[in-house]
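Okay, data-v3.txt now, which holds compact mmCIF, C-alpha atoms and all ligand atoms:
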# COMPACT_ATOMS: atom_id res chain seq x y z
CA MET Y 7 128.74 107.41 96.17
CA LEU Y 8 127.61 105.02 98.91
CA SER Y 9 129.33 101.67 99.32
CA LYS Y 10 127.01 98.65 98.97
CA LYS Y 11 127.53 97.88 102.64
CA ILE Y 12 126.39 101.34 103.75
CA GLU Y 13 123.52 101.35 101.27
CA THR Y 14 122.23 98.03 102.64
CA ALA Y 15 122.60 99.19 106.24
CA LEU Y 16 120.80 102.48 105.54
CA ASN Y 17 118.02 100.59 103.77
CA LYS Y 18 117.63 98.44 106.86
CA GLN Y 19 117.31 101.61 108.92
CA ILE Y 20 114.67 102.96 106.51
CA ARG Y 21 112.61 99.90 107.28
CA ILE Y 22 113.15 100.26 111.05
CA GLU Y 23 112.02 103.90 110.97
CA ALA Y 24 108.95 102.97 108.90
CA GLU Y 25 108.11 100.20 111.36
CA SER Y 26 108.57 102.69 114.21
CA SER Y 27 106.03 104.95 112.56
CA GLN Y 28 103.55 102.06 112.32
CA ILE Y 29 104.14 101.10 115.96
CA TYR Y 30 103.34 104.64 117.13
CA LEU Y 31 100.33 104.78 114.83
CA SER Y 32 99.00 101.56 116.32
CA MET Y 33 99.58 102.97 119.82
CA ALA Y 34 97.71 106.14 118.83
CA SER Y 35 94.76 104.16 117.59
CA TRP Y 36 94.63 101.95 120.70
CA SER Y 37 94.84 105.01 122.97
CA GLU Y 38 92.08 106.76 121.07
CA THR Y 39 89.73 103.78 121.41
CA LYS Y 40 90.42 103.71 125.16
CA GLY Y 41 89.57 107.41 125.56
CA PHE Y 42 93.14 108.62 126.17
CA SER Y 43 92.91 111.47 123.69
CA GLY Y 44 96.04 113.31 124.90
CA ILE Y 45 98.19 110.19 124.69
CA ALA Y 46 96.63 109.48 121.27
CA SER Y 47 97.68 112.93 119.95
CA PHE Y 48 101.17 112.42 121.31
CA MET Y 49 101.38 109.07 119.51
CA TYR Y 50 99.90 110.39 116.24
CA ASP Y 51 102.50 113.17 116.24
CA HIS Y 52 105.22 110.71 116.99
CA ALA Y 53 104.14 108.46 114.12
CA ASP Y 54 104.59 111.51 111.83
CA GLU Y 55 108.03 112.19 113.31
CA GLU Y 56 109.14 108.63 112.61
CA ARG Y 57 107.95 108.98 109.03
CA MET Y 58 110.17 112.07 108.75
CA HIS Y 59 113.10 110.07 110.15
CA MET Y 60 112.48 107.50 107.44
CA LEU Y 61 112.12 110.08 104.66
CA LYS Y 62 115.38 111.82 105.59
CA ILE Y 63 117.24 108.55 105.04
CA VAL Y 64 115.36 107.80 101.80
CA LYS Y 65 116.42 111.18 100.38
CA TYR Y 66 119.98 110.82 101.65
CA VAL Y 67 120.47 107.37 100.09
CA ASN Y 68 119.16 108.54 96.71
CA GLU Y 69 121.16 111.78 96.87
CA ARG Y 70 124.35 109.77 97.40
CA GLY Y 71 123.78 107.63 94.34
CA GLY Y 72 122.14 104.68 96.06
CA HIS Y 73 118.60 103.34 95.79
CA ALA Y 74 116.35 103.69 98.82
CA ILE Y 75 114.15 100.61 99.05
CA ILE Y 76 110.58 100.84 100.30
CA SER Y 77 109.84 97.39 101.64
CA ASP Y 78 107.06 95.49 103.36
CA LEU Y 79 106.87 95.99 107.12
CA VAL Y 80 106.40 93.82 110.18
CA ALA Y 81 102.94 94.56 111.64
CA PRO Y 82 102.95 96.33 115.02
CA PRO Y 83 101.14 95.04 118.11
CA VAL Y 84 97.49 96.16 118.04
CA SER Y 85 96.67 96.32 121.73
CA PHE Y 86 98.45 97.08 124.98
CA ASP Y 87 97.61 96.05 128.54
CA SER Y 88 97.83 99.60 129.91
CA PRO Y 89 99.34 103.00 129.07
CA LYS Y 90 102.26 102.11 131.34
CA LYS Y 91 102.92 98.86 129.47
CA MET Y 92 102.63 100.75 126.22
CA PHE Y 93 105.28 103.30 127.23
CA GLU Y 94 107.53 100.48 128.41
CA THR Y 95 107.18 99.03 124.90
CA VAL Y 96 108.12 102.49 123.54
CA LEU Y 97 111.26 102.61 125.69
CA ASN Y 98 112.37 99.12 124.72
CA HIS Y 99 111.74 99.89 121.08
CA GLU Y 100 113.76 103.13 121.22
CA ILE Y 101 116.64 101.31 122.93
CA PHE Y 102 116.56 98.84 120.03
CA VAL Y 103 116.56 101.73 117.51
CA SER Y 104 119.49 103.42 119.28
CA LYS Y 105 121.47 100.20 119.02
CA SER Y 106 120.70 99.98 115.34
CA ILE Y 107 121.88 103.58 114.80
CA ASN Y 108 125.08 102.87 116.75
CA ASP Y 109 125.74 99.81 114.60
CA LEU Y 110 125.25 101.97 111.52
CA VAL Y 111 127.72 104.55 112.82
CA ASP Y 112 130.23 101.73 113.36
CA ILE Y 113 129.85 100.68 109.75
CA THR Y 114 130.49 104.25 108.52
CA PHE Y 115 133.85 104.11 110.34
CA SER Y 116 134.83 100.77 108.88
CA GLU Y 117 133.84 102.01 105.40
CA LYS Y 118 135.56 105.38 105.97
CA ASP Y 119 132.33 107.10 104.90
CA TYR Y 120 132.56 110.34 106.87
CA ALA Y 121 129.65 111.99 105.07
CA SER Y 122 127.31 109.23 106.26
CA HIS Y 123 128.93 109.39 109.67
CA ASN Y 124 128.12 113.09 109.78
CA PHE Y 125 124.58 112.51 108.49
CA LEU Y 126 123.91 110.00 111.27
CA GLN Y 127 124.91 112.35 114.09
CA TRP Y 128 121.42 113.88 113.98
CA TYR Y 129 119.97 110.41 114.65
CA VAL Y 130 122.40 109.77 117.51
CA ALA Y 131 121.21 112.97 119.22
CA GLU Y 132 117.56 112.25 118.44
CA GLN Y 133 117.79 108.79 120.03
CA ILE Y 134 119.12 110.26 123.28
CA GLU Y 135 116.07 112.54 123.34
CA GLU Y 136 113.59 109.79 122.48
CA GLU Y 137 114.86 107.42 125.15
CA ALA Y 138 114.82 110.25 127.71
CA THR Y 139 111.22 111.17 126.83
CA ALA Y 140 110.04 107.57 127.25
CA ARG Y 141 111.86 107.28 130.59
CA THR Y 142 110.37 110.55 131.85
CA ILE Y 143 106.86 109.46 130.90
CA ILE Y 144 107.28 106.11 132.66
CA ASP Y 145 108.56 107.94 135.77
CA LYS Y 146 105.51 110.20 135.70
CA ILE Y 147 103.16 107.25 135.33
CA ASN Y 148 104.86 105.57 138.28
CA LEU Y 149 104.34 108.72 140.33
CA ILE Y 150 100.66 108.87 139.48
CA GLY Y 151 100.15 105.23 140.37
CA ASP Y 152 96.83 103.75 139.40
CA THR Y 153 94.56 106.66 140.23
CA LYS Y 154 91.93 107.62 137.66
CA SER Y 155 92.16 111.33 138.42
CA GLY Y 156 95.95 111.26 138.08
CA PHE Y 157 95.62 109.60 134.69
CA TYR Y 158 93.02 112.12 133.61
CA MET Y 159 95.47 114.95 134.35
CA PHE Y 160 98.37 113.10 132.74
CA ASP Y 161 96.35 112.53 129.58
CA LYS Y 162 95.47 116.24 129.48
CA ASP Y 163 99.05 117.38 130.10
CA ILE Y 164 101.12 115.03 127.95
CA MET Y 165 101.02 117.25 124.85
CA THR Y 166 102.15 120.34 126.78
CA MET Y 167 104.84 118.37 128.60
CA PHE Y 168 106.23 116.95 125.37
CA PRO Y 169 105.32 119.24 122.48
CA SER Y 170 105.99 117.68 119.11
CA ASP Y 171 109.22 118.83 117.40
CA GLN Y 172 107.98 117.40 114.08
CA GLU Y 173 111.39 115.92 113.30
FE1 LIG Y 201 113.27 107.32 114.69
O1 LIG Y 201 113.38 107.66 116.46
FE2 LIG Y 201 112.11 106.63 117.38
O2 LIG Y 201 112.28 105.08 116.60
Write-out of the structure in structure tokens:
Amino acid sequence: MLSKKIETALNKQIRIEAESSQIYLSMASWSETKGFSGIASFMYDHADEERMHMLKIVKYVNERGGHAIISDLVAPPVSFDSPKKMFETVLNHEIFVSKSINDLVDITFSEKDYASHNFLQWYVAEQIEEEATARTIIDKINLIGDTKSGFYMFDKDIMTMFPSDQE
């Protein structure tokens, strides 16, 4: 059985993961309207991944005798100055999510809830990967600079560089 404190913290994380999914969906839509179809596919896939992150917690909370709450969400930004700015937003967002997961892990220690601690290890590893992906993409964009042909190649290659793991 989950303690109230853990249940509340996990419900907060459910909301954060759902908002992450909406942020990536909004980025996908913006990219698609700008003709960046490769970046759009990457973002659509990522929106699905974030939904899976959310669902895993929903199921876990209910399985442990809590009640997963599906709440309203803060609307994501709808447009971005450039792909580079957009990926900087991704990185900052993932750093924020990592902090939230770390705070959650801290709470599992103070509540002596080792099952939840164990459950969250997957998220700890996933956050390392997500931050690294965003950093790598920003590095690549910096390498390309502002050239149209470079961006054309980048847009074509992004899905092969970062295939979706659907998690
Ligand atoms: Fe759920 O990993 Fe990104 O936000």
Completion exercise
atom O1 of ligand LIG 201 (chain Y) sits from atom CA of Y:Phe48 at a separation of 14.0 Å
Exercise for the section: State, in Å with one decimal place, the distance from atom CA of Y:Glu13 to atom CA of Y:Tyr129. Expected result: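 Result for atom CA of Y:Glu13 versus atom CA of Y:Tyr129: 16.5 Å, one decimal.
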Handout entry: Within 10 Å of ligand LIG 201 (chain Y), counting all atoms listed in the file, residues as number ranges by chain
Key = Y: 19-20, 22-27, 29-30, 52-53, 55-60, 96-97, 99-104, 106-107, 129-137, 173
Size and centre in Å, one decimal, axis-aligned box, all listed stretch 134-147 of chain Y atoms plus 4 Å per side, as JSON:
{"center_x": 111.1, "center_y": 109.3, "center_z": 129.1, "size_x": 24.0, "size_y": 14.4, "size_z": 21.3}
Exercise for the section: Have a look at Y:Lys18, Y:Lys105, Y:Lys65, Y:Lys40 and name the one nearest to Y:Leu79; count only C-alpha atoms. Expected result: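 Closest to Y:Leu79, using only C-alpha atoms: Y:Lys18.
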Around (105.8, 99.7, 130.7) in the file's frame, which residues reach within 12 Å when counting only C-alpha atoms? Return as a tab-separated table (two decimals) with C-alpha atoms, in the coordinates of the input?
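result_32.tsv, freshly written:
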chain	number	residue	atom	x	y	z
Y	86	PHE	CA	98.45	97.08	124.98
Y	87	ASP	CA	97.61	96.05	128.54
Y	88	SER	CA	97.83	99.60	129.91
Y	89	PRO	CA	99.34	103.00	129.07
Y	90	LYS	CA	102.26	102.11	131.34
Y	91	LYS	CA	102.92	98.86	129.47
Y	92	MET	CA	102.63	100.75	126.22
Y	93	PHE	CA	105.28	103.30	127.23
Y	94	GLU	CA	107.53	100.48	128.41
Y	95	THR	CA	107.18	99.03	124.90
Y	96	VAL	CA	108.12	102.49	123.54
Y	97	LEU	CA	111.26	102.61	125.69
Y	98	ASN	CA	112.37	99.12	124.72
Y	99	HIS	CA	111.74	99.89	121.08
Y	140	ALA	CA	110.04	107.57	127.25
Y	141	ARG	CA	111.86	107.28	130.59
Y	142	THR	CA	110.37	110.55	131.85
Y	143	ILE	CA	106.86	109.46	130.90
Y	144	ILE	CA	107.28	106.11	132.66
Y	145	ASP	CA	108.56	107.94	135.77
Y	146	LYS	CA	105.51	110.20	135.70
Y	147	ILE	CA	103.16	107.25	135.33
Y	148	ASN	CA	104.86	105.57	138.28
Problem - Distance of atom CA of Y:Tyr50 from atom CA of Y:Met165, expressed in Å to one decimal place - result: 11.1 Å
Rebuild stretch 63-74 of chain Y to all heavy atoms - output it as a PDB file, in the coordinates of the input, please.
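As written to disk, rebuild28.pdb reads:
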ATOM      1  N   ILE Y  63     116.261 109.559 105.494  1.00  0.00           N
ATOM      2  CA  ILE Y  63     117.240 108.550 105.040  1.00  0.00           C
ATOM      3  C   ILE Y  63     116.977 108.193 103.571  1.00  0.00           C
ATOM      4  O   ILE Y  63     117.912 108.032 102.787  1.00  0.00           O
ATOM      5  CB  ILE Y  63     117.229 107.278 105.926  1.00  0.00           C
ATOM      6  CG1 ILE Y  63     117.368 107.651 107.397  1.00  0.00           C
ATOM      7  CG2 ILE Y  63     118.380 106.341 105.533  1.00  0.00           C
ATOM      8  CD1 ILE Y  63     117.244 106.465 108.365  1.00  0.00           C
ATOM      9  N   VAL Y  64     115.694 108.092 103.206  1.00  0.00           N
ATOM     10  CA  VAL Y  64     115.360 107.800 101.800  1.00  0.00           C
ATOM     11  C   VAL Y  64     116.040 108.831 100.891  1.00  0.00           C
ATOM     12  O   VAL Y  64     116.740 108.499  99.926  1.00  0.00           O
ATOM     13  CB  VAL Y  64     113.818 107.828 101.579  1.00  0.00           C
ATOM     14  CG1 VAL Y  64     113.462 107.846 100.089  1.00  0.00           C
ATOM     15  CG2 VAL Y  64     113.149 106.651 102.283  1.00  0.00           C
ATOM     16  N   LYS Y  65     115.864 110.111 101.231  1.00  0.00           N
ATOM     17  CA  LYS Y  65     116.420 111.180 100.380  1.00  0.00           C
ATOM     18  C   LYS Y  65     117.948 111.129 100.387  1.00  0.00           C
ATOM     19  O   LYS Y  65     118.580 111.348  99.357  1.00  0.00           O
ATOM     20  CB  LYS Y  65     115.947 112.548 100.886  1.00  0.00           C
ATOM     21  CG  LYS Y  65     114.432 112.630 100.934  1.00  0.00           C
ATOM     22  CD  LYS Y  65     113.912 113.818 100.211  1.00  0.00           C
ATOM     23  CE  LYS Y  65     112.474 113.555  99.833  1.00  0.00           C
ATOM     24  NZ  LYS Y  65     111.550 114.562  99.930  1.00  0.00           N
ATOM     25  N   TYR Y  66     118.514 110.850 101.553  1.00  0.00           N
ATOM     26  CA  TYR Y  66     119.980 110.820 101.650  1.00  0.00           C
ATOM     27  C   TYR Y  66     120.558 109.699 100.785  1.00  0.00           C
ATOM     28  O   TYR Y  66     121.521 109.915 100.038  1.00  0.00           O
ATOM     29  CB  TYR Y  66     120.402 110.637 103.122  1.00  0.00           C
ATOM     30  CG  TYR Y  66     121.893 110.517 103.286  1.00  0.00           C
ATOM     31  CD1 TYR Y  66     122.704 111.647 103.194  1.00  0.00           C
ATOM     32  CD2 TYR Y  66     122.491 109.273 103.502  1.00  0.00           C
ATOM     33  CE1 TYR Y  66     124.087 111.535 103.316  1.00  0.00           C
ATOM     34  CE2 TYR Y  66     123.869 109.157 103.626  1.00  0.00           C
ATOM     35  CZ  TYR Y  66     124.665 110.285 103.530  1.00  0.00           C
ATOM     36  OH  TYR Y  66     126.034 110.179 103.636  1.00  0.00           O
ATOM     37  N   VAL Y  67     119.954 108.519 100.873  1.00  0.00           N
ATOM     38  CA  VAL Y  67     120.470 107.370 100.090  1.00  0.00           C
ATOM     39  C   VAL Y  67     120.420 107.710  98.600  1.00  0.00           C
ATOM     40  O   VAL Y  67     121.403 107.508  97.857  1.00  0.00           O
ATOM     41  CB  VAL Y  67     119.650 106.090 100.400  1.00  0.00           C
ATOM     42  CG1 VAL Y  67     119.975 104.983  99.400  1.00  0.00           C
ATOM     43  CG2 VAL Y  67     119.921 105.606 101.829  1.00  0.00           C
ATOM     44  N   ASN Y  68     119.299 108.245  98.149  1.00  0.00           N
ATOM     45  CA  ASN Y  68     119.160 108.540  96.710  1.00  0.00           C
ATOM     46  C   ASN Y  68     120.108 109.671  96.276  1.00  0.00           C
ATOM     47  O   ASN Y  68     120.690 109.614  95.195  1.00  0.00           O
ATOM     48  CB  ASN Y  68     117.713 108.880  96.376  1.00  0.00           C
ATOM     49  CG  ASN Y  68     116.819 107.643  96.467  1.00  0.00           C
ATOM     50  OD1 ASN Y  68     117.312 106.520  96.435  1.00  0.00           O
ATOM     51  ND2 ASN Y  68     115.527 107.854  96.596  1.00  0.00           N
ATOM     52  N   GLU Y  69     120.256 110.659  97.170  1.00  0.00           N
ATOM     53  CA  GLU Y  69     121.160 111.780  96.870  1.00  0.00           C
ATOM     54  C   GLU Y  69     122.598 111.309  96.704  1.00  0.00           C
ATOM     55  O   GLU Y  69     123.360 111.864  95.928  1.00  0.00           O
ATOM     56  CB  GLU Y  69     121.066 112.736  98.058  1.00  0.00           C
ATOM     57  CG  GLU Y  69     121.564 114.133  97.849  1.00  0.00           C
ATOM     58  CD  GLU Y  69     121.335 114.935  99.142  1.00  0.00           C
ATOM     59  OE1 GLU Y  69     120.247 115.499  99.290  1.00  0.00           O
ATOM     60  OE2 GLU Y  69     122.233 114.921 100.010  1.00  0.00           O
ATOM     61  N   ARG Y  70     122.964 110.258  97.441  1.00  0.00           N
ATOM     62  CA  ARG Y  70     124.350 109.770  97.400  1.00  0.00           C
ATOM     63  C   ARG Y  70     124.541 108.676  96.353  1.00  0.00           C
ATOM     64  O   ARG Y  70     125.518 107.916  96.392  1.00  0.00           O
ATOM     65  CB  ARG Y  70     124.776 109.227  98.773  1.00  0.00           C
ATOM     66  CG  ARG Y  70     124.820 110.222  99.911  1.00  0.00           C
ATOM     67  CD  ARG Y  70     126.088 111.078  99.962  1.00  0.00           C
ATOM     68  NE  ARG Y  70     127.331 110.390  99.650  1.00  0.00           N
ATOM     69  CZ  ARG Y  70     128.050 109.687 100.520  1.00  0.00           C
ATOM     70  NH1 ARG Y  70     127.667 109.605 101.776  1.00  0.00           N
ATOM     71  NH2 ARG Y  70     129.164 109.090 100.147  1.00  0.00           N
ATOM     72  N   GLY Y  71     123.607 108.570  95.442  1.00  0.00           N
ATOM     73  CA  GLY Y  71     123.780 107.630  94.340  1.00  0.00           C
ATOM     74  C   GLY Y  71     123.336 106.209  94.629  1.00  0.00           C
ATOM     75  O   GLY Y  71     123.581 105.301  93.834  1.00  0.00           O
ATOM     76  N   GLY Y  72     122.673 106.007  95.764  1.00  0.00           N
ATOM     77  CA  GLY Y  72     122.140 104.680  96.060  1.00  0.00           C
ATOM     78  C   GLY Y  72     120.680 104.575  95.634  1.00  0.00           C
ATOM     79  O   GLY Y  72     120.176 105.450  94.923  1.00  0.00           O
ATOM     80  N   HIS Y  73     120.027 103.514  96.064  1.00  0.00           N
ATOM     81  CA  HIS Y  73     118.600 103.340  95.790  1.00  0.00           C
ATOM     82  C   HIS Y  73     117.898 102.982  97.100  1.00  0.00           C
ATOM     83  O   HIS Y  73     118.099 101.897  97.639  1.00  0.00           O
ATOM     84  CB  HIS Y  73     118.387 102.238  94.735  1.00  0.00           C
ATOM     85  CG  HIS Y  73     116.941 101.999  94.422  1.00  0.00           C
ATOM     86  ND1 HIS Y  73     116.509 100.926  93.680  1.00  0.00           N
ATOM     87  CD2 HIS Y  73     115.827 102.700  94.757  1.00  0.00           C
ATOM     88  CE1 HIS Y  73     115.187 100.972  93.574  1.00  0.00           C
ATOM     89  NE2 HIS Y  73     114.750 102.037  94.218  1.00  0.00           N
ATOM     90  N   ALA Y  74     117.088 103.934  97.585  1.00  0.00           N
ATOM     91  CA  ALA Y  74     116.350 103.690  98.820  1.00  0.00           C
ATOM     92  C   ALA Y  74     115.207 102.726  98.521  1.00  0.00           C
ATOM     93  O   ALA Y  74     114.416 102.953  97.601  1.00  0.00           O
ATOM     94  CB  ALA Y  74     115.800 105.015  99.362  1.00  0.00           C
TER      95      ALA Y  74
END
